[in-house]
file start-v5.txt (compact mmCIF, C-alpha atoms)
# COMPACT_ATOMS: atom_id res chain seq x y z
CA MET N 575 -46.77 24.39 15.44
CA TYR N 576 -45.08 23.18 18.59
CA ARG N 577 -42.28 20.80 19.32
CA CYS N 578 -44.37 18.18 21.08
CA SER N 579 -45.14 15.18 18.92
CA ARG N 580 -48.09 15.60 16.55
CA LEU N 581 -49.05 11.96 16.17
CA PRO N 582 -52.44 10.91 14.83
CA PHE N 583 -54.72 9.79 17.61
CA SER N 584 -54.56 6.25 16.32
CA ASN N 585 -50.93 6.19 17.50
CA LEU N 586 -51.35 7.83 20.90
CA SER N 587 -51.84 4.56 22.74
CA SER N 588 -48.17 3.81 22.10
CA ILE N 589 -47.08 6.73 24.27
CA SER N 590 -49.60 6.17 27.05
CA ASN N 591 -49.68 3.33 29.56
CA ARG N 592 -53.26 4.00 30.54
CA SER N 593 -56.11 1.89 29.19
CA TRP N 594 -58.23 4.97 28.48
CA TRP N 595 -56.15 5.79 25.40
CA VAL N 596 -56.20 2.20 24.20
CA SER N 597 -59.97 1.84 24.31
CA SER N 598 -61.15 5.40 23.72
CA PRO N 599 -62.77 6.41 20.40
CA LEU N 600 -60.82 9.64 20.75
CA ARG N 601 -57.81 7.95 19.19
CA ASN N 602 -59.15 9.00 15.77
CA PHE N 603 -59.23 12.68 16.69
CA SER N 604 -58.38 14.35 13.39
CA THR N 605 -59.80 12.72 10.30
CA THR N 606 -58.57 12.58 6.72
CA ALA N 607 -60.92 14.26 4.29
CA ALA N 608 -61.16 12.99 0.73
CA VAL N 609 -60.32 16.44 -0.65
CA ARG N 610 -58.27 18.97 1.27
CA GLY N 611 -57.46 22.54 0.35
CA PRO N 612 -55.50 25.27 2.14
CA LEU N 613 -58.24 26.15 4.63
CA LEU N 614 -58.87 22.58 5.72
CA ASP N 615 -55.11 21.97 5.93
CA THR N 616 -54.74 24.94 8.29
CA ILE N 617 -57.64 23.97 10.54
CA ARG N 618 -56.70 20.30 10.54
CA SER N 619 -53.18 21.22 11.66
CA ASP N 620 -54.67 23.00 14.69
CA HIS N 621 -56.76 19.92 15.44
CA GLN N 622 -53.64 17.76 15.34
CA ASP N 623 -51.84 20.13 17.70
CA LEU N 624 -54.70 19.90 20.19
CA GLY N 625 -54.64 16.13 19.97
CA SER N 626 -50.91 16.04 20.68
CA TYR N 627 -51.34 17.84 24.01
CA ALA N 628 -53.90 15.38 25.37
CA PRO N 629 -51.51 12.63 26.60
CA HIS N 630 -49.58 15.24 28.59
CA ILE N 631 -52.82 16.31 30.26
CA THR N 632 -54.08 12.84 31.15
CA ASP N 633 -50.77 11.00 31.63
CA GLY N 634 -48.31 13.76 32.58
CA LYS N 635 -45.68 12.64 35.04
CA ASP N 636 -46.75 15.22 37.62
CA ALA N 637 -49.21 18.04 38.28
CA ASP N 638 -46.79 20.60 36.86
CA GLU N 639 -46.70 18.93 33.43
CA ARG N 640 -50.48 18.47 33.41
CA THR N 641 -50.98 22.13 34.31
CA ARG N 642 -48.61 23.42 31.65
CA TYR N 643 -50.22 21.41 28.85
CA ARG N 644 -53.72 22.19 30.11
CA ASN N 645 -52.89 25.88 29.78
CA LEU N 646 -51.49 25.31 26.29
CA PHE N 647 -54.60 23.33 25.27
CA VAL N 648 -56.91 26.07 26.57
CA TRP N 649 -54.82 28.77 24.87
CA GLU N 650 -54.97 27.05 21.48
CA LEU N 651 -58.60 25.91 21.59
CA ALA N 652 -59.95 29.29 22.74
CA ARG N 653 -58.21 31.14 19.91
CA HIS N 654 -59.09 28.50 17.34
CA SER N 655 -62.79 28.55 18.25
CA VAL N 656 -63.15 32.32 18.06
CA ALA N 657 -61.28 32.48 14.75
CA GLU N 658 -63.59 29.87 13.25
CA GLU N 659 -66.65 31.78 14.41
CA LEU N 660 -65.40 35.11 13.04
CA VAL N 661 -63.89 33.91 9.74
CA VAL N 662 -64.95 30.39 8.75
CA TYR N 663 -68.59 30.20 9.81
CA PRO N 664 -69.59 33.47 8.08
CA ALA N 665 -68.04 32.03 4.89
CA ILE N 666 -70.08 28.85 5.32
CA GLU N 667 -73.24 30.95 5.74
CA GLU N 668 -72.44 32.95 2.62
CA HIS N 669 -71.40 30.21 0.21
CA LEU N 670 -73.41 27.09 1.12
CA LYS N 671 -77.09 26.62 0.40
CA ASP N 672 -77.77 25.32 3.91
CA GLY N 673 -74.89 27.36 5.35
CA GLU N 674 -76.93 29.08 8.05
CA ASP N 675 -78.04 25.73 9.46
CA ILE N 676 -74.50 24.31 9.33
CA ALA N 677 -72.98 27.38 10.99
CA SER N 678 -75.69 27.40 13.67
CA LYS N 679 -75.01 23.72 14.40
CA ASP N 680 -71.27 24.37 14.64
CA ARG N 681 -71.79 27.36 16.93
CA ASP N 682 -74.02 25.24 19.19
CA GLN N 683 -71.28 22.62 19.42
CA HIS N 684 -68.72 25.33 20.15
CA GLN N 685 -70.90 26.68 22.94
CA THR N 686 -70.98 23.30 24.67
CA ILE N 687 -67.21 22.99 24.30
CA LYS N 688 -66.63 26.54 25.57
CA GLU N 689 -68.72 25.87 28.68
CA GLN N 690 -66.73 22.72 29.43
CA LEU N 691 -63.43 24.49 28.68
CA TYR N 692 -64.39 27.30 31.07
CA VAL N 693 -64.77 24.77 33.89
CA PHE N 694 -61.63 22.87 32.91
CA GLN N 695 -59.39 25.94 32.71
CA LYS N 696 -60.05 26.72 36.40
CA LEU N 697 -59.45 23.22 37.82
CA ASP N 698 -56.30 22.33 39.72
CA ALA N 699 -54.36 19.47 38.10
CA ASP N 700 -54.74 17.41 41.30
CA ASP N 701 -58.50 17.94 41.46
CA PRO N 702 -60.39 14.62 41.15
CA GLU N 703 -62.54 16.24 38.44
CA PHE N 704 -59.58 17.34 36.32
CA LYS N 705 -59.28 14.24 34.11
CA PRO N 706 -63.01 13.37 33.89
CA THR N 707 -63.77 16.96 32.87
CA PHE N 708 -61.10 16.87 30.21
CA ARG N 709 -62.26 13.55 28.83
CA SER N 710 -65.84 14.78 28.50
CA LEU N 711 -64.65 17.98 26.83
CA PHE N 712 -62.36 16.06 24.51
CA SER N 713 -65.08 13.61 23.51
CA ASP N 714 -67.35 16.47 22.42
CA LEU N 715 -64.45 18.12 20.63
CA GLN N 716 -63.67 14.92 18.75
CA ARG N 717 -67.22 14.70 17.41
CA HIS N 718 -67.11 18.33 16.34
CA VAL N 719 -63.75 17.86 14.59
CA LYS N 720 -65.06 14.85 12.69
CA GLU N 721 -68.07 16.77 11.36
CA GLU N 722 -65.95 19.78 10.39
CA GLU N 723 -63.25 17.81 8.59
CA GLU N 724 -65.51 15.29 6.85
CA HIS N 725 -68.54 17.42 6.04
CA ASP N 726 -68.57 21.17 6.71
CA LEU N 727 -65.16 22.27 5.47
CA PRO N 728 -65.03 20.03 2.39
CA GLN N 729 -68.40 21.48 1.35
CA LEU N 730 -67.06 25.01 1.73
CA GLU N 731 -63.87 24.20 -0.14
CA SER N 732 -65.87 22.75 -3.03
CA LYS N 733 -67.47 26.17 -3.57
CA LEU N 734 -64.31 28.32 -3.55
CA ASP N 735 -61.11 28.42 -5.58
CA ASN N 736 -57.65 28.06 -4.05
CA ASP N 737 -57.02 31.81 -3.95
CA ALA N 738 -60.18 32.45 -1.95
CA LEU N 739 -59.41 29.54 0.38
CA SER N 740 -55.86 30.82 0.92
CA GLU N 741 -57.27 34.24 1.80
CA LEU N 742 -59.62 32.64 4.34
CA SER N 743 -56.75 30.61 5.78
CA ASP N 744 -54.57 33.72 6.17
CA SER N 745 -57.44 35.64 7.77
CA PHE N 746 -58.08 32.74 10.15
CA GLU N 747 -54.43 32.81 11.27
CA ARG N 748 -54.39 36.60 11.71
CA THR N 749 -57.62 36.49 13.71
CA LYS N 750 -56.14 33.97 16.14
CA ARG N 751 -53.51 36.56 17.05
CA LEU N 752 -56.26 38.94 18.15
CA ALA N 753 -58.50 36.37 19.86
CA PRO N 754 -58.92 35.69 23.59
CA THR N 755 -56.73 32.94 25.02
CA ARG N 756 -59.26 31.71 27.59
CA SER N 757 -62.82 30.48 27.25
CA HIS N 758 -65.59 33.08 27.60
CA PRO N 759 -68.85 31.15 27.13
CA LEU N 760 -71.07 34.17 27.93
CA SER N 761 -69.65 36.25 25.07
CA PRO N 762 -71.75 36.86 21.93
CA ARG N 763 -71.52 34.06 19.36
CA THR N 764 -71.66 35.97 16.07
CA PRO N 765 -70.03 39.04 14.47
CA PRO N 766 -70.03 41.97 14.94
CA PHE N 767 -70.75 41.63 18.66
CA GLU N 768 -68.39 38.67 19.07
CA THR N 769 -65.68 40.69 17.34
CA ALA N 770 -66.04 43.53 19.85
CA ALA N 771 -66.13 41.15 22.82
CA ALA N 772 -63.02 39.32 21.57
CA LEU N 773 -61.06 42.56 21.17
CA MET N 774 -61.94 43.54 24.75
CA ALA N 775 -61.22 40.15 26.33
CA ALA N 776 -57.97 39.30 24.52
CA PRO N 777 -55.70 41.92 26.17
CA ILE N 778 -56.91 40.90 29.64
CA ASP N 779 -56.29 37.22 28.89
CA LYS N 780 -52.81 37.92 27.53
CA VAL N 781 -51.79 39.91 30.59
CA ALA N 782 -52.92 37.02 32.80
CA ASP N 783 -51.00 34.59 30.55
CA ILE N 784 -47.78 36.23 31.73
CA PHE N 785 -48.30 34.57 35.10
CA ARG N 786 -49.42 31.17 33.80
CA LYS N 787 -47.21 28.15 33.30
CA PHE N 788 -46.71 26.77 29.79
CA PRO N 789 -44.46 23.94 28.50
CA LYS N 790 -40.92 25.27 28.52
CA ASP N 791 -40.19 24.18 24.94
CA ASP N 792 -43.67 25.03 23.64
CA ASP N 793 -44.39 28.39 25.23
CA PRO N 794 -46.83 30.22 22.92
CA ARG N 795 -46.04 33.60 24.46
CA LYS N 796 -42.71 33.65 22.62
CA TYR N 797 -44.50 33.90 19.28
CA ASP N 798 -47.70 35.74 20.14
CA ALA N 799 -46.48 39.31 20.60
CA PRO N 800 -48.46 41.89 18.60
CA ARG N 801 -47.05 42.75 15.18
CA ALA N 802 -47.08 46.15 13.51
CA ASP N 803 -49.24 44.96 10.62
CA ASP N 804 -51.89 43.16 12.68
CA ASP N 805 -55.23 44.80 11.98
CA PRO N 806 -57.21 45.05 15.23
CA GLY N 807 -60.04 46.81 13.43
CA ARG N 808 -60.80 43.90 11.08
CA PRO N 809 -60.37 40.52 12.83
CA ASP N 810 -63.27 39.20 10.77
CA ASP N 811 -61.71 40.39 7.50
CA PRO N 812 -62.07 37.46 5.05
CA GLY N 813 -58.50 38.06 3.96
CA ARG N 814 -56.61 40.11 1.44
CA PRO N 815 -55.38 38.60 -1.81
CA GLY N 816 -51.71 38.15 -2.44
CA ASP N 817 -50.39 38.20 1.13
CA PRO N 818 -49.77 34.59 2.27
CA GLY N 819 -47.27 34.24 5.08
CA ARG N 820 -47.57 37.84 6.29
CA PRO N 821 -45.45 38.79 9.30
CA GLY N 822 -48.68 38.92 11.28
CA ASP N 823 -49.14 35.17 10.76
CA SER N 824 -49.74 33.34 14.04
CA ARG N 825 -48.03 30.13 12.93
CA ARG N 826 -44.93 29.08 14.82
CA PRO N 827 -41.44 28.57 13.40
CA GLY N 828 -41.24 24.98 12.28
CA ASP N 829 -44.93 24.73 11.43
CA PRO N 830 -45.12 22.92 8.04
CA ARG N 831 -47.79 25.42 6.97
CA ARG N 832 -45.33 28.33 7.19
CA PRO N 833 -43.93 29.09 3.70
CA GLY N 834 -40.16 28.98 3.36
CA ASP N 835 -39.45 27.52 6.79
CA PRO N 836 -36.49 25.11 6.47
CA ARG N 837 -37.47 23.08 9.53
CA LYS N 838 -39.52 19.95 8.98
call {"tool": "encode", "arguments": {"input": "start-v5.txt", "output": "structure tokens"}}
result
Amino acid sequence: MYRCSRLPFSNLSSISNRSWWVSSPLRNFSTTAAVRGPLLDTIRSDHQDLGSYAPHITDGKDADERTRYRNLFVWELARHSVAEELVVYPAIEEHLKDGEDIASKDRDQHQTIKEQLYVFQKLDADDPEFKPTFRSLFSDLQRHVKEEEEHDLPQLESKLDNDALSELSDSFERTKRLAPTRSHPLSPRTPPFETAAALMAAPIDKVADIFRKFPKDDDPRKYDAPRADDDPGRPDDPGRPGDPGRPGDSRRPGDPRRPGDPRK
């Protein structure tokens, strides 16, 4: 998705001189599921992107680098979380026998993460609480990622065929384009009220993003402009068959998930 290195967390200690990365269980951030379909591939790619920003946040050479990657981390995680809640969790509730319990558990975990992200997004990079807050947030996120990739999403993928999973994946990507880019922990947690809240918050967040710093080579604002075929009325649409790789896709040039992209 971005140009910064997307190494597995098991390799991050090699690019960090700090003992935290060497000893932390967060090294294994994104897991490898036994069976992976198009939806899990898409979500796992987001997880890997988030993991790749972490060393810049904890070990950045200066406050400017830490701030830029903090903003990128917040931008990606906020959109990702809302898209899961509007697209993926309703599918889990519909197709799994214990889907309501699984989705409720995942939403509870998201709420904890959103509350921590809300605090983190407001901290100055030189604040003594900046790194401890991030590490606590990241630890909770790692546990959530592990459960999603090893349990929740494989169960969902076992119940759906590839076409249905591709539709969910496309809908997930489209919904990210319409989602808020900052954490709003007081917003409703389920559709349709979360859908309405997201549509109201997203434009405000994106105006404020104009004045925020992002990594110069990984600035998400270059690729996040509204497209003519984005559907603001149906961000929780489970997807339409036969339209993979629509122009409204939120994936970046160079993302291996983007069909037909020559870059590797």
call {"tool": "closest_atom_pairs", "arguments": {"input": "start-v5.txt", "of": "segment 715-779 of chain N", "to": "segment 667-672 of chain N", "cutoff": "9 Å", "atoms": "all atoms listed in the file", "output": "JSON lines"}}
result
{"residue": "N:Gln729", "atom": "CA", "partner": "N:Leu670", "partner_atom": "CA", "distance": 7.5}
{"residue": "N:Leu730", "atom": "CA", "partner": "N:Leu670", "partner_atom": "CA", "distance": 6.7}
{"residue": "N:Lys733", "atom": "CA", "partner": "N:His669", "partner_atom": "CA", "distance": 6.8}
{"residue": "N:Leu734", "atom": "CA", "partner": "N:His669", "partner_atom": "CA", "distance": 8.2}
call {"tool": "atom_distance", "arguments": {"input": "start-v5.txt", "atom1": "atom CA of Leu651 of chain N", "atom2": "atom CA of Asp701 of chain N"}}
result
21.4 Å
call {"tool": "residues_around", "arguments": {"input": "start-v5.txt", "residues": "Phe694 of chain N", "least_positions_apart": "3", "cutoff": "10 Å", "atoms": "all atoms listed in the file", "output": "list in words"}}
result
Arg644, Asn645, Val648, Lys688, Glu689, Gln690, Leu691, Leu697, Asp698, Ala699, Glu703, Phe704, Lys705, Pro706, Thr707, Phe708, Leu711 and Ser757 of chain N
call {"tool": "axis_aligned_box", "arguments": {"input": "start-v5.txt", "around": "segment 631-645 of chain N", "padding_each_side": "5 Å", "output": "JSON"}}
result
{"center_x": -49.9, "center_y": 18.4, "center_z": 33.6, "size_x": 18.4, "size_y": 24.9, "size_z": 19.4}
call {"tool": "closest_residue", "arguments": {"input": "start-v5.txt", "among": "N:Phe712, N:His718, N:Arg751, N:Arg653", "to": "Arg681 of chain N", "atoms": "all atoms listed in the file"}}
result
N:His718
call {"tool": "atom_distance", "arguments": {"input": "start-v5.txt", "atom1": "atom CA of Thr641 of chain N", "atom2": "atom CA of Asp615 of chain N"}}
result
28.7 Å
call {"tool": "atom_distance", "arguments": {"input": "start-v5.txt", "atom1": "atom CA of Gln683 of chain N", "atom2": "atom CA of Phe788 of chain N"}}
result
27.0 Å
call {"tool": "closest_residue", "arguments": {"input": "start-v5.txt", "among": "N:Leu742, N:Leu646, N:Leu624, N:Ala677", "to": "Val661 of chain N", "atoms": "only C-alpha atoms"}}
result
N:Leu742
call {"tool": "closest_residue", "arguments": {"input": "start-v5.txt", "among": "N:Ile687, N:Arg642, N:Pro728, N:Arg618", "to": "Ser713 of chain N", "atoms": "all atoms listed in the file"}}
result
N:Ile687
call {"tool": "closest_residue", "arguments": {"input": "start-v5.txt", "among": "N:Lys696, N:Lys796, N:Lys790, N:Lys750", "to": "Ala776 of chain N", "atoms": "only C-alpha atoms"}}
result
N:Lys750
